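Text of the file upload-v5.cif, holding mmCIF, C-alpha atoms:
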data_my_file
#
loop_
_atom_site.group_PDB
_atom_site.id
_atom_site.type_symbol
_atom_site.label_atom_id
_atom_site.label_comp_id
_atom_site.auth_asym_id
_atom_site.auth_seq_id
_atom_site.Cartn_x
_atom_site.Cartn_y
_atom_site.Cartn_z
ATOM 1 C CA MET E 1 8.959 23.529 0.827
ATOM 2 C CA LYS E 2 10.905 20.294 0.364
ATOM 3 C CA ASN E 3 13.878 21.776 2.155
ATOM 4 C CA ILE E 4 11.666 22.702 5.109
ATOM 5 C CA ALA E 5 10.278 19.169 5.193
ATOM 6 C CA ARG E 6 13.779 17.650 5.087
ATOM 7 C CA ARG E 7 14.874 19.963 7.910
ATOM 8 C CA VAL E 8 11.977 18.756 10.058
ATOM 9 C CA PHE E 9 12.837 15.135 9.342
ATOM 10 C CA ASP E 10 16.497 15.740 10.178
ATOM 11 C CA ILE E 11 15.677 17.474 13.461
ATOM 12 C CA GLU E 12 13.250 14.784 14.561
ATOM 13 C CA ILE E 13 15.610 11.953 13.574
ATOM 14 C CA GLU E 14 18.379 13.653 15.560
ATOM 15 C CA SER E 15 15.999 14.003 18.506
ATOM 16 C CA LEU E 16 15.069 10.326 18.420
ATOM 17 C CA GLN E 17 18.732 9.350 18.335
ATOM 18 C CA HIS E 18 19.357 11.592 21.339
ATOM 19 C CA VAL E 19 16.548 9.901 23.283
ATOM 20 C CA ALA E 20 17.790 6.455 22.235
ATOM 21 C CA ASN E 21 21.247 7.271 23.559
ATOM 22 C CA GLN E 22 19.721 8.128 26.959
ATOM 23 C CA LEU E 23 18.049 4.740 27.371
ATOM 24 C CA GLY E 24 19.295 2.935 30.438
ATOM 25 C CA SER E 25 18.340 0.390 33.048
ATOM 26 C CA GLU E 26 15.175 2.320 33.932
ATOM 27 C CA PHE E 27 13.627 1.109 30.691
ATOM 28 C CA ASP E 28 14.330 -2.503 31.714
ATOM 29 C CA HIS E 29 12.864 -1.867 35.163
ATOM 30 C CA ALA E 30 9.713 -0.311 33.693
ATOM 31 C CA ILE E 31 9.175 -3.249 31.334
ATOM 32 C CA ARG E 32 9.714 -5.758 34.147
ATOM 33 C CA ALA E 33 7.192 -3.912 36.292
ATOM 34 C CA ILE E 34 4.560 -4.167 33.570
ATOM 35 C CA LEU E 35 5.344 -7.830 32.951
ATOM 36 C CA LYS E 36 5.001 -8.634 36.655
ATOM 37 C CA GLY E 37 1.822 -6.599 37.007
ATOM 38 C CA THR E 38 -1.545 -8.291 37.150
ATOM 39 C CA GLY E 39 -3.658 -5.261 36.267
ATOM 40 C CA LYS E 40 -4.034 -3.001 33.267
ATOM 41 C CA VAL E 41 -1.730 -0.279 31.975
ATOM 42 C CA VAL E 42 -3.444 3.110 32.244
ATOM 43 C CA ILE E 43 -2.058 5.920 30.083
ATOM 44 C CA THR E 44 -2.737 9.526 31.018
ATOM 45 C CA GLY E 45 -1.731 12.920 29.695
ATOM 46 C CA ILE E 46 -3.307 16.112 28.410
ATOM 47 C CA GLY E 47 -3.040 18.177 25.236
ATOM 48 C CA LYS E 48 -0.623 16.790 22.659
ATOM 49 C CA SER E 49 0.723 14.349 25.260
ATOM 50 C CA GLY E 50 -2.822 13.082 25.717
ATOM 51 C CA LEU E 51 -3.199 12.476 21.995
ATOM 52 C CA ILE E 52 0.055 10.531 21.965
ATOM 53 C CA GLY E 53 -1.119 8.664 25.063
ATOM 54 C CA LYS E 54 -4.265 7.508 23.272
ATOM 55 C CA LYS E 55 -2.187 6.048 20.476
ATOM 56 C CA ILE E 56 0.178 4.308 22.905
ATOM 57 C CA ALA E 57 -2.771 2.811 24.800
ATOM 58 C CA ALA E 58 -4.269 1.566 21.526
ATOM 59 C CA THR E 59 -0.961 0.020 20.462
ATOM 60 C CA LEU E 60 -0.513 -1.732 23.804
ATOM 61 C CA ALA E 61 -4.077 -3.057 23.771
ATOM 62 C CA SER E 62 -3.678 -4.495 20.267
ATOM 63 C CA THR E 63 -0.358 -6.160 21.028
ATOM 64 C CA GLY E 64 -1.201 -8.149 24.130
ATOM 65 C CA THR E 65 -1.073 -5.613 26.985
ATOM 66 C CA SER E 66 -4.459 -4.678 28.445
ATOM 67 C CA SER E 67 -4.492 -0.902 28.381
ATOM 68 C CA PHE E 68 -6.725 2.148 28.185
ATOM 69 C CA PHE E 69 -6.361 5.932 28.138
ATOM 70 C CA MET E 70 -7.669 8.093 30.976
ATOM 71 C CA HIS E 71 -8.047 11.854 30.547
ATOM 72 C CA PRO E 72 -6.628 13.514 33.707
ATOM 73 C CA GLY E 73 -9.386 16.100 33.734
ATOM 74 C CA GLU E 74 -12.122 13.475 33.577
ATOM 75 C CA ALA E 75 -10.308 11.523 36.286
ATOM 76 C CA PHE E 76 -11.406 14.103 38.865
ATOM 77 C CA HIS E 77 -15.029 13.664 37.860
ATOM 78 C CA GLY E 78 -15.362 9.949 38.438
ATOM 79 C CA ASP E 79 -12.874 8.268 36.104
ATOM 80 C CA LEU E 80 -10.438 7.559 38.939
ATOM 81 C CA GLY E 81 -12.786 4.693 39.702
ATOM 82 C CA MET E 82 -11.514 3.043 36.531
ATOM 83 C CA ILE E 83 -8.110 2.468 38.118
ATOM 84 C CA GLY E 84 -7.634 -0.712 40.122
ATOM 85 C CA LYS E 85 -4.987 -1.215 42.794
ATOM 86 C CA ASP E 86 -3.020 -3.559 40.542
ATOM 87 C CA ASP E 87 -2.966 -1.188 37.576
ATOM 88 C CA ILE E 88 0.176 0.535 36.373
ATOM 89 C CA VAL E 89 -0.196 4.195 35.415
ATOM 90 C CA VAL E 90 1.957 5.763 32.699
ATOM 91 C CA MET E 91 2.002 9.566 32.989
ATOM 92 C CA ILE E 92 3.086 11.560 29.925
ATOM 93 C CA SER E 93 4.182 15.171 30.400
ATOM 94 C CA TYR E 94 7.160 16.623 28.570
ATOM 95 C CA SER E 95 7.708 19.335 31.181
ATOM 96 C CA GLY E 96 6.989 16.952 34.021
ATOM 97 C CA GLU E 97 5.018 19.734 35.690
ATOM 98 C CA THR E 98 1.605 19.468 34.005
ATOM 99 C CA ASP E 99 -0.852 20.494 36.680
ATOM 100 C CA GLU E 100 -3.684 18.132 35.661
ATOM 101 C CA VAL E 101 -1.334 15.145 35.803
ATOM 102 C CA LEU E 102 0.340 16.277 39.031
ATOM 103 C CA LYS E 103 -3.016 16.299 40.806
ATOM 104 C CA LEU E 104 -3.420 12.570 40.115
ATOM 105 C CA ILE E 105 -0.272 11.551 41.991
ATOM 106 C CA PRO E 106 -1.584 11.737 45.601
ATOM 107 C CA TYR E 107 -4.517 9.473 44.794
ATOM 108 C CA LEU E 108 -2.386 7.050 42.763
ATOM 109 C CA LYS E 109 0.137 6.749 45.574
ATOM 110 C CA TRP E 110 -2.658 6.206 48.095
ATOM 111 C CA ASN E 111 -4.037 3.533 45.761
ATOM 112 C CA ASN E 112 -0.581 1.859 45.645
ATOM 113 C CA ASN E 113 -0.334 2.067 41.863
ATOM 114 C CA THR E 114 3.034 1.688 40.172
ATOM 115 C CA LEU E 115 3.839 4.929 38.346
ATOM 116 C CA ILE E 116 5.866 5.208 35.149
ATOM 117 C CA ALA E 117 6.646 8.720 33.920
ATOM 118 C CA LEU E 118 7.576 9.829 30.417
ATOM 119 C CA THR E 119 9.023 13.322 30.733
ATOM 120 C CA GLY E 120 11.807 15.413 29.285
ATOM 121 C CA ASN E 121 13.066 16.475 32.722
ATOM 122 C CA SER E 122 14.367 13.891 35.190
ATOM 123 C CA ASP E 123 14.267 16.510 37.985
ATOM 124 C CA SER E 124 10.620 17.378 37.430
ATOM 125 C CA THR E 125 7.939 16.773 40.051
ATOM 126 C CA ILE E 126 6.282 14.012 38.033
ATOM 127 C CA ALA E 127 9.604 12.262 37.386
ATOM 128 C CA ARG E 128 10.639 12.420 41.054
ATOM 129 C CA ASN E 129 7.307 11.031 42.221
ATOM 130 C CA SER E 130 7.274 8.104 39.815
ATOM 131 C CA ASP E 131 8.594 4.602 40.391
ATOM 132 C CA HIS E 132 10.235 4.524 36.974
ATOM 133 C CA HIS E 133 11.192 7.496 34.819
ATOM 134 C CA LEU E 134 11.790 7.238 31.064
ATOM 135 C CA ASN E 135 13.594 10.304 29.773
ATOM 136 C CA ILE E 136 12.247 11.612 26.454
ATOM 137 C CA GLY E 137 14.242 14.848 26.611
ATOM 138 C CA ILE E 138 15.205 16.326 23.239
ATOM 139 C CA LYS E 139 17.596 19.098 22.227
ATOM 140 C CA HIS E 140 14.967 21.239 20.487
ATOM 141 C CA GLU E 141 11.624 21.101 18.738
ATOM 142 C CA ALA E 142 11.336 21.016 14.945
ATOM 143 C CA CYS E 143 8.957 23.984 15.175
ATOM 144 C CA PRO E 144 10.848 27.116 14.015
ATOM 145 C CA LEU E 145 9.558 28.952 17.086
ATOM 146 C CA LYS E 146 10.766 26.077 19.311
ATOM 147 C CA LEU E 147 7.308 26.113 20.886
ATOM 148 C CA ALA E 148 4.891 23.683 19.213
ATOM 149 C CA PRO E 149 5.351 20.079 20.385
ATOM 150 C CA THR E 150 6.921 18.316 17.400
ATOM 151 C CA SER E 151 10.127 16.440 18.189
ATOM 152 C CA SER E 152 8.987 15.950 21.779
ATOM 153 C CA THR E 153 5.707 14.272 20.830
ATOM 154 C CA THR E 154 7.540 12.091 18.313
ATOM 155 C CA ALA E 155 9.934 11.024 21.066
ATOM 156 C CA ALA E 156 7.032 10.158 23.375
ATOM 157 C CA LEU E 157 5.314 8.207 20.627
ATOM 158 C CA VAL E 158 8.417 6.184 19.794
ATOM 159 C CA MET E 159 9.072 5.501 23.477
ATOM 160 C CA GLY E 160 5.541 4.110 23.647
ATOM 161 C CA ASP E 161 6.255 1.933 20.620
ATOM 162 C CA ALA E 162 9.469 0.733 22.251
ATOM 163 C CA ILE E 163 7.529 -0.267 25.361
ATOM 164 C CA ALA E 164 4.912 -2.126 23.289
ATOM 165 C CA VAL E 165 7.488 -3.986 21.187
ATOM 166 C CA ALA E 166 9.587 -4.937 24.218
ATOM 167 C CA LEU E 167 6.471 -6.345 25.901
ATOM 168 C CA MET E 168 5.489 -8.207 22.737
ATOM 169 C CA GLU E 169 8.866 -9.897 22.470
ATOM 170 C CA GLU E 170 9.088 -10.720 26.149
ATOM 171 C CA ARG E 171 5.629 -12.299 26.052
ATOM 172 C CA GLY E 172 6.264 -14.143 22.798
ATOM 173 C CA PHE E 173 3.352 -12.361 21.114
ATOM 174 C CA LYS E 174 2.842 -14.005 17.708
ATOM 175 C CA GLU E 175 0.991 -13.281 14.470
ATOM 176 C CA LYS E 176 -1.970 -15.416 15.506
ATOM 177 C CA ASP E 177 -2.259 -13.450 18.760
ATOM 178 C CA PHE E 178 -2.239 -10.200 16.790
ATOM 179 C CA ALA E 179 -4.920 -11.523 14.449
ATOM 180 C CA ARG E 180 -7.235 -12.330 17.342
ATOM 181 C CA PHE E 181 -7.280 -8.631 18.251
ATOM 182 C CA HIS E 182 -7.799 -7.588 14.593
ATOM 183 C CA PRO E 183 -10.417 -10.030 13.264
ATOM 184 C CA GLY E 184 -12.201 -7.382 11.228
ATOM 185 C CA GLY E 185 -9.211 -6.133 9.248
ATOM 186 C CA SER E 186 -7.313 -7.558 6.301
ATOM 187 C CA ILE E 187 -4.412 -8.528 8.576
ATOM 188 C CA GLY E 188 -6.657 -10.563 10.825
ATOM 189 C CA ARG E 189 -8.344 -12.254 7.895
ATOM 190 C CA LYS E 190 -5.059 -13.332 6.404
ATOM 191 C CA LEU E 191 -3.773 -14.668 9.700
ATOM 192 C CA LEU E 192 -6.962 -16.415 10.805
ATOM 193 C CA LEU E 193 -8.580 -17.606 7.590
ATOM 194 C CA LYS E 194 -7.331 -20.619 5.682
ATOM 195 C CA VAL E 195 -7.071 -21.124 1.953
ATOM 196 C CA LYS E 196 -10.110 -23.415 1.973
ATOM 197 C CA ASP E 197 -12.217 -20.551 3.345
ATOM 198 C CA LEU E 198 -11.746 -18.453 0.204
ATOM 199 C CA MET E 199 -10.826 -20.921 -2.510
ATOM 200 C CA ARG E 200 -13.014 -21.243 -5.583
ATOM 201 C CA THR E 201 -14.419 -24.708 -6.240
ATOM 202 C CA ASP E 202 -17.106 -24.145 -8.862
ATOM 203 C CA ASN E 203 -16.649 -24.467 -12.634
ATOM 204 C CA LEU E 204 -12.916 -25.148 -12.503
ATOM 205 C CA PRO E 205 -11.527 -25.090 -16.056
ATOM 206 C CA PHE E 206 -10.222 -28.635 -16.575
ATOM 207 C CA ILE E 207 -9.096 -29.730 -20.023
ATOM 208 C CA ASN E 208 -7.612 -32.863 -21.609
ATOM 209 C CA MET E 209 -4.052 -32.704 -22.873
ATOM 210 C CA ASP E 210 -5.116 -33.641 -26.410
ATOM 211 C CA ALA E 211 -7.843 -30.987 -26.645
ATOM 212 C CA PRO E 212 -7.713 -28.688 -29.722
ATOM 213 C CA PHE E 213 -6.666 -25.055 -29.578
ATOM 214 C CA THR E 214 -10.219 -23.740 -29.914
ATOM 215 C CA GLU E 215 -11.337 -25.733 -26.843
ATOM 216 C CA LEU E 216 -8.340 -24.420 -24.906
ATOM 217 C CA VAL E 217 -9.309 -20.815 -25.645
ATOM 218 C CA LEU E 218 -12.966 -21.534 -24.852
ATOM 219 C CA ARG E 219 -12.211 -23.195 -21.503
ATOM 220 C CA MET E 220 -9.799 -20.428 -20.520
ATOM 221 C CA SER E 221 -12.441 -17.790 -21.287
ATOM 222 C CA GLU E 222 -15.158 -19.677 -19.410
ATOM 223 C CA GLY E 223 -12.999 -20.228 -16.336
ATOM 224 C CA ARG E 224 -12.158 -16.527 -15.972
ATOM 225 C CA ILE E 225 -9.068 -17.192 -13.888
ATOM 226 C CA GLY E 226 -6.470 -16.709 -16.612
ATOM 227 C CA MET E 227 -5.561 -20.389 -16.807
ATOM 228 C CA VAL E 228 -6.785 -23.928 -17.465
ATOM 229 C CA ILE E 229 -5.967 -27.073 -15.510
ATOM 230 C CA VAL E 230 -4.686 -29.921 -17.647
ATOM 231 C CA GLY E 231 -5.966 -33.277 -16.418
ATOM 232 C CA THR E 232 -8.624 -34.065 -13.827
ATOM 233 C CA ALA E 233 -9.389 -33.182 -10.219
ATOM 234 C CA GLU E 234 -7.824 -36.493 -9.173
ATOM 235 C CA LYS E 235 -4.648 -36.083 -11.260
ATOM 236 C CA VAL E 236 -3.271 -32.780 -12.502
ATOM 237 C CA GLU E 237 -0.875 -33.001 -15.433
ATOM 238 C CA GLY E 238 -0.108 -29.295 -15.527
ATOM 239 C CA ILE E 239 -1.579 -25.868 -16.254
ATOM 240 C CA VAL E 240 -1.692 -23.463 -19.174
ATOM 241 C CA THR E 241 -1.887 -19.775 -18.283
ATOM 242 C CA ASP E 242 -2.878 -16.947 -20.582
ATOM 243 C CA GLY E 243 0.793 -15.953 -20.528
ATOM 244 C CA ASP E 244 1.801 -19.432 -21.727
ATOM 245 C CA LEU E 245 -0.768 -19.122 -24.504
ATOM 246 C CA ARG E 246 0.471 -15.713 -25.656
ATOM 247 C CA ARG E 247 4.094 -16.852 -25.666
ATOM 248 C CA ALA E 248 3.173 -19.920 -27.728
ATOM 249 C CA LEU E 249 1.319 -17.779 -30.280
ATOM 250 C CA VAL E 250 4.353 -15.517 -30.681
ATOM 251 C CA GLN E 251 6.473 -18.546 -31.563
ATOM 252 C CA ILE E 252 3.908 -20.425 -33.701
ATOM 253 C CA ALA E 253 1.284 -18.348 -35.474
ATOM 254 C CA ASP E 254 -0.451 -21.376 -36.978
ATOM 255 C CA THR E 255 -2.837 -22.454 -34.216
ATOM 256 C CA SER E 256 -3.369 -25.850 -35.821
ATOM 257 C CA LYS E 257 0.201 -26.702 -34.901
ATOM 258 C CA LEU E 258 -0.159 -25.677 -31.264
ATOM 259 C CA ASN E 259 -0.731 -28.380 -28.693
ATOM 260 C CA ILE E 260 -1.264 -28.242 -24.957
ATOM 261 C CA SER E 261 1.514 -30.651 -24.052
ATOM 262 C CA THR E 262 4.240 -28.351 -25.373
ATOM 263 C CA MET E 263 2.947 -25.102 -23.905
ATOM 264 C CA MET E 264 1.800 -26.241 -20.452
ATOM 265 C CA ASN E 265 3.666 -25.924 -17.170
ATOM 266 C CA ARG E 266 4.093 -29.483 -15.884
ATOM 267 C CA ASP E 267 5.070 -28.400 -12.380
ATOM 268 C CA PRO E 268 2.305 -26.063 -11.169
ATOM 269 C CA VAL E 269 2.281 -24.663 -7.640
ATOM 270 C CA ILE E 270 -0.158 -26.558 -5.409
ATOM 271 C CA ILE E 271 -0.942 -25.571 -1.840
ATOM 272 C CA GLU E 272 -2.767 -27.508 0.861
ATOM 273 C CA GLU E 273 -6.245 -26.249 1.748
ATOM 274 C CA ASP E 274 -5.430 -25.921 5.473
ATOM 275 C CA GLU E 275 -2.645 -23.396 4.899
ATOM 276 C CA TYR E 276 -3.336 -19.895 6.230
ATOM 277 C CA LEU E 277 -3.934 -17.085 3.756
ATOM 278 C CA ASN E 278 -0.785 -15.212 4.745
ATOM 279 C CA THR E 279 1.293 -18.326 3.961
ATOM 280 C CA ALA E 280 -0.390 -18.673 0.573
ATOM 281 C CA ASP E 281 0.046 -14.985 -0.226
ATOM 282 C CA ASP E 282 3.728 -15.046 0.742
ATOM 283 C CA LEU E 283 4.272 -18.102 -1.479
ATOM 284 C CA MET E 284 2.509 -16.508 -4.416
ATOM 285 C CA MET E 285 4.436 -13.255 -4.082
ATOM 286 C CA SER E 286 7.723 -15.178 -4.001
ATOM 287 C CA LYS E 287 6.688 -17.106 -7.136
ATOM 288 C CA LYS E 288 5.281 -13.941 -8.759
ATOM 289 C CA ILE E 289 1.935 -15.573 -9.484
ATOM 290 C CA VAL E 290 -1.646 -14.569 -8.640
ATOM 291 C CA THR E 291 -3.395 -17.955 -8.853
ATOM 292 C CA VAL E 292 -2.510 -21.212 -7.130
ATOM 293 C CA LEU E 293 -4.042 -24.683 -7.177
ATOM 294 C CA VAL E 294 -5.456 -25.955 -3.896
ATOM 295 C CA GLY E 295 -5.270 -29.665 -3.176
ATOM 296 C CA SER E 296 -2.779 -32.390 -2.368
ATOM 297 C CA VAL E 297 0.852 -31.698 -3.210
ATOM 298 C CA THR E 298 1.845 -35.384 -3.024
ATOM 299 C CA GLU E 299 -1.117 -36.754 -4.995
ATOM 300 C CA ARG E 300 -1.303 -33.786 -7.408
ATOM 301 C CA SER E 301 -5.048 -33.616 -6.916
ATOM 302 C CA VAL E 302 -7.080 -30.385 -6.952
ATOM 303 C CA LYS E 303 -10.076 -29.253 -4.917
ATOM 304 C CA GLY E 304 -10.077 -25.607 -5.942
ATOM 305 C CA ILE E 305 -8.071 -22.538 -6.836
ATOM 306 C CA TYR E 306 -7.058 -19.548 -4.728
ATOM 307 C CA GLN E 307 -6.299 -16.113 -6.153
ATOM 308 C CA PHE E 308 -4.123 -13.524 -4.423
ATOM 309 C CA TYR E 309 -6.383 -10.595 -5.263
ATOM 310 C CA ASN E 310 -9.347 -12.292 -3.547
ATOM 311 C CA ASN E 311 -7.991 -10.603 -0.397
#

With the file now loaded, output its structure as structure tokens.
Amino acid sequence: MKNIARRVFDIEIESLQHVANQLGSEFDHAIRAILKGTGKVVITGIGKSGLIGKKIAATLASTGTSSFFMHPGEAFHGDLGMIGKDDIVVMISYSGETDEVLKLIPYLKWNNNTLIALTGNSDSTIARNSDHHLNIGIKHEACPLKLAPTSSTTAALVMGDAIAVALMEERGFKEKDFARFHPGGSIGRKLLLKVKDLMRTDNLPFINMDAPFTELVLRMSEGRIGMVIVGTAEKVEGIVTDGDLRRALVQIADTSKLNISTMMNRDPVIIEEDEYLNTADDLMMSKKIVTVLVGSVTERSVKGIYQFYNN
């Protein structure tokens, strides 16, 4: 079974490389047409091409290009009214002869829409009647019968991704733009929310540097964040984590001889409260820590703590 899977991967990778090698100036022209357009990008196709078209439309819409999918069959029952004169229509048909898509062309030309075709045959009717043709022709399908759309649908999907990424880069689409279209997901939260929105401010475990070992253990247990903050909210002297505590106990078994000043980290990581969550998470991953102090880096003051797994 693994050998079959590897064969499919190899065939589809080879197919994608073949399509990539065919890329030419038509891709540039198609991207420029979309960038100059003032309407939406309408994706259409039927069957497996239609399913791929829905994904391409969703990707475009979430990355800064207004787009929607239109089923060619439904188009003849009223959905053609969804297409404005300034819209650009992307038609997906591997053969380039799909009847349901072909029937749309007379209306789209009458409506003066710019047509972009994704087909595997540059001499096909759909390709010849489009303003821009992107060739997604492959050598053969991964299906052993050479019938089921496999490599061809992958090629169409990746061409759609290439269009979306090219448009993103040309428009300077940034993380914050992406987050605005994904406010309900974890990506959007990390890119839109700031550390102060999720930091913990209640019952922070502060402790004096000269506190005894028993108080250290008690405060660490009460705080439930795996650490204590040495000093005050106005002036942090350092932190002691549960890892620091365990390492100290391995070296000195007699707890009466343990003191906070020798086991604490005097240079804890502090992050400003107005930093975005993704910045905080990236910092914490690079430092290999799960908890960070939130406050003033210059004054070494603390307003709260932020934990990576809060997200």

Evaluate the PyMOL selection byres ((chain E and resi 119) around 12) and report residues as an MDAnalysis selection string: chainID E and resid 19 45 49 90:98 101 116:118 120:130 132:138 152:153 155:157 159

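Applied to the file shown here, the PyMOL selection byres ((chain E and resi 194-211) around 6) selects Leu193, Pro212, Arg219, Gly223, Val228, Ile229, Val230, Gly231, Ile260, Glu273, Asp274, Glu275, Tyr276, Leu277, Gly304, Ile305 and Tyr306 of chain E.
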
From E:Leu258, E:Val250, E:Ile83, E:Ile163, residue lying nearest E:Ala57 [only C-alpha atoms]: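 Looking at the shortest contact to E:Ala57, the residue is E:Ile163.
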
Translate the PyMOL selection byres ((chain E and resi 56) around 10) into a concrete residue list for this structure, as a VMD selection string. chain E and resid 43 50 to 55 57 to 62 67 to 69 156 to 164

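Taking only C-alpha atoms into account, E:Gln17 lies nearest to E:Ser151 out of the set E:Thr65, E:Thr44, E:Gln307, E:Ser151.
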
Residues within 10 Å of E:Val240, all atoms listed in the file, excluding chain neighbours under 5 positions, as a VMD selection string: chain E and resid 207 216 220 226 to 230 245 260 to 266 268

Nearest candidate to E:Lys40 (options E:Glu26, E:Asp79, E:Glu14, E:Asp86; using only C-alpha atoms):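 Ranking E:Glu26, E:Asp79, E:Glu14, E:Asp86 by distance to E:Lys40, first place goes to E:Asp86.
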
Around the point (2.2, -9.8, 22.8) in the file's coordinates, collect all residues with an atom within 9 Å, using all atoms listed in the file, and return them as a PDB file with C-alpha atoms, in the coordinates of the input.
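Output file part.pdb follows:
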ATOM      1  CA  LEU E  60      -0.513  -1.732  23.804  1.00  0.00           C
ATOM      2  CA  SER E  62      -3.678  -4.495  20.267  1.00  0.00           C
ATOM      3  CA  THR E  63      -0.358  -6.160  21.028  1.00  0.00           C
ATOM      4  CA  GLY E  64      -1.201  -8.149  24.130  1.00  0.00           C
ATOM      5  CA  THR E  65      -1.073  -5.613  26.985  1.00  0.00           C
ATOM      6  CA  ALA E 164       4.912  -2.126  23.289  1.00  0.00           C
ATOM      7  CA  VAL E 165       7.488  -3.986  21.187  1.00  0.00           C
ATOM      8  CA  ALA E 166       9.587  -4.937  24.218  1.00  0.00           C
ATOM      9  CA  LEU E 167       6.471  -6.345  25.901  1.00  0.00           C
ATOM     10  CA  MET E 168       5.489  -8.207  22.737  1.00  0.00           C
ATOM     11  CA  GLU E 169       8.866  -9.897  22.470  1.00  0.00           C
ATOM     12  CA  GLU E 170       9.088 -10.720  26.149  1.00  0.00           C
ATOM     13  CA  ARG E 171       5.629 -12.299  26.052  1.00  0.00           C
ATOM     14  CA  GLY E 172       6.264 -14.143  22.798  1.00  0.00           C
ATOM     15  CA  PHE E 173       3.352 -12.361  21.114  1.00  0.00           C
ATOM     16  CA  LYS E 174       2.842 -14.005  17.708  1.00  0.00           C
ATOM     17  CA  ASP E 177      -2.259 -13.450  18.760  1.00  0.00           C
ATOM     18  CA  PHE E 178      -2.239 -10.200  16.790  1.00  0.00           C
TER      19      PHE E 178
END

Pairwise distance for atom CA of E:Ser15 and atom CA of E:His140, rounded to one decimal in Å: 7.6 Å

Taking (-2.1, 1.5, 47.3) as a centre in this file's frame and 12 Å as the limit, can you find every polymer residue with an atom that close, using all atoms listed in the file, and give them as a list in words?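 Using all atoms listed in the file, the matching residues come out as Ile83, Gly84, Lys85, Asp86, Asp87, Ile88, Ile105, Pro106, Tyr107, Leu108, Lys109, Trp110, Asn111, Asn112, Asn113, Thr114 and Leu115 of chain E.
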
For E:Asn259, which residue out of E:Val217, E:Leu35, E:Leu293, E:Leu283 is the nearest one, using all atoms listed in the file? E:Val217

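Among the candidates E:Glu234, E:Asp10, E:Asp281, E:Asp244, the one nearest to E:Lys303 when counting all atoms listed in the file is E:Glu234.
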
Find the distance between atom CA of E:Glu237 and atom CA of E:Ser301 and write it in Å to one decimal.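 Computing it gives 9.5 Å between the two atoms.
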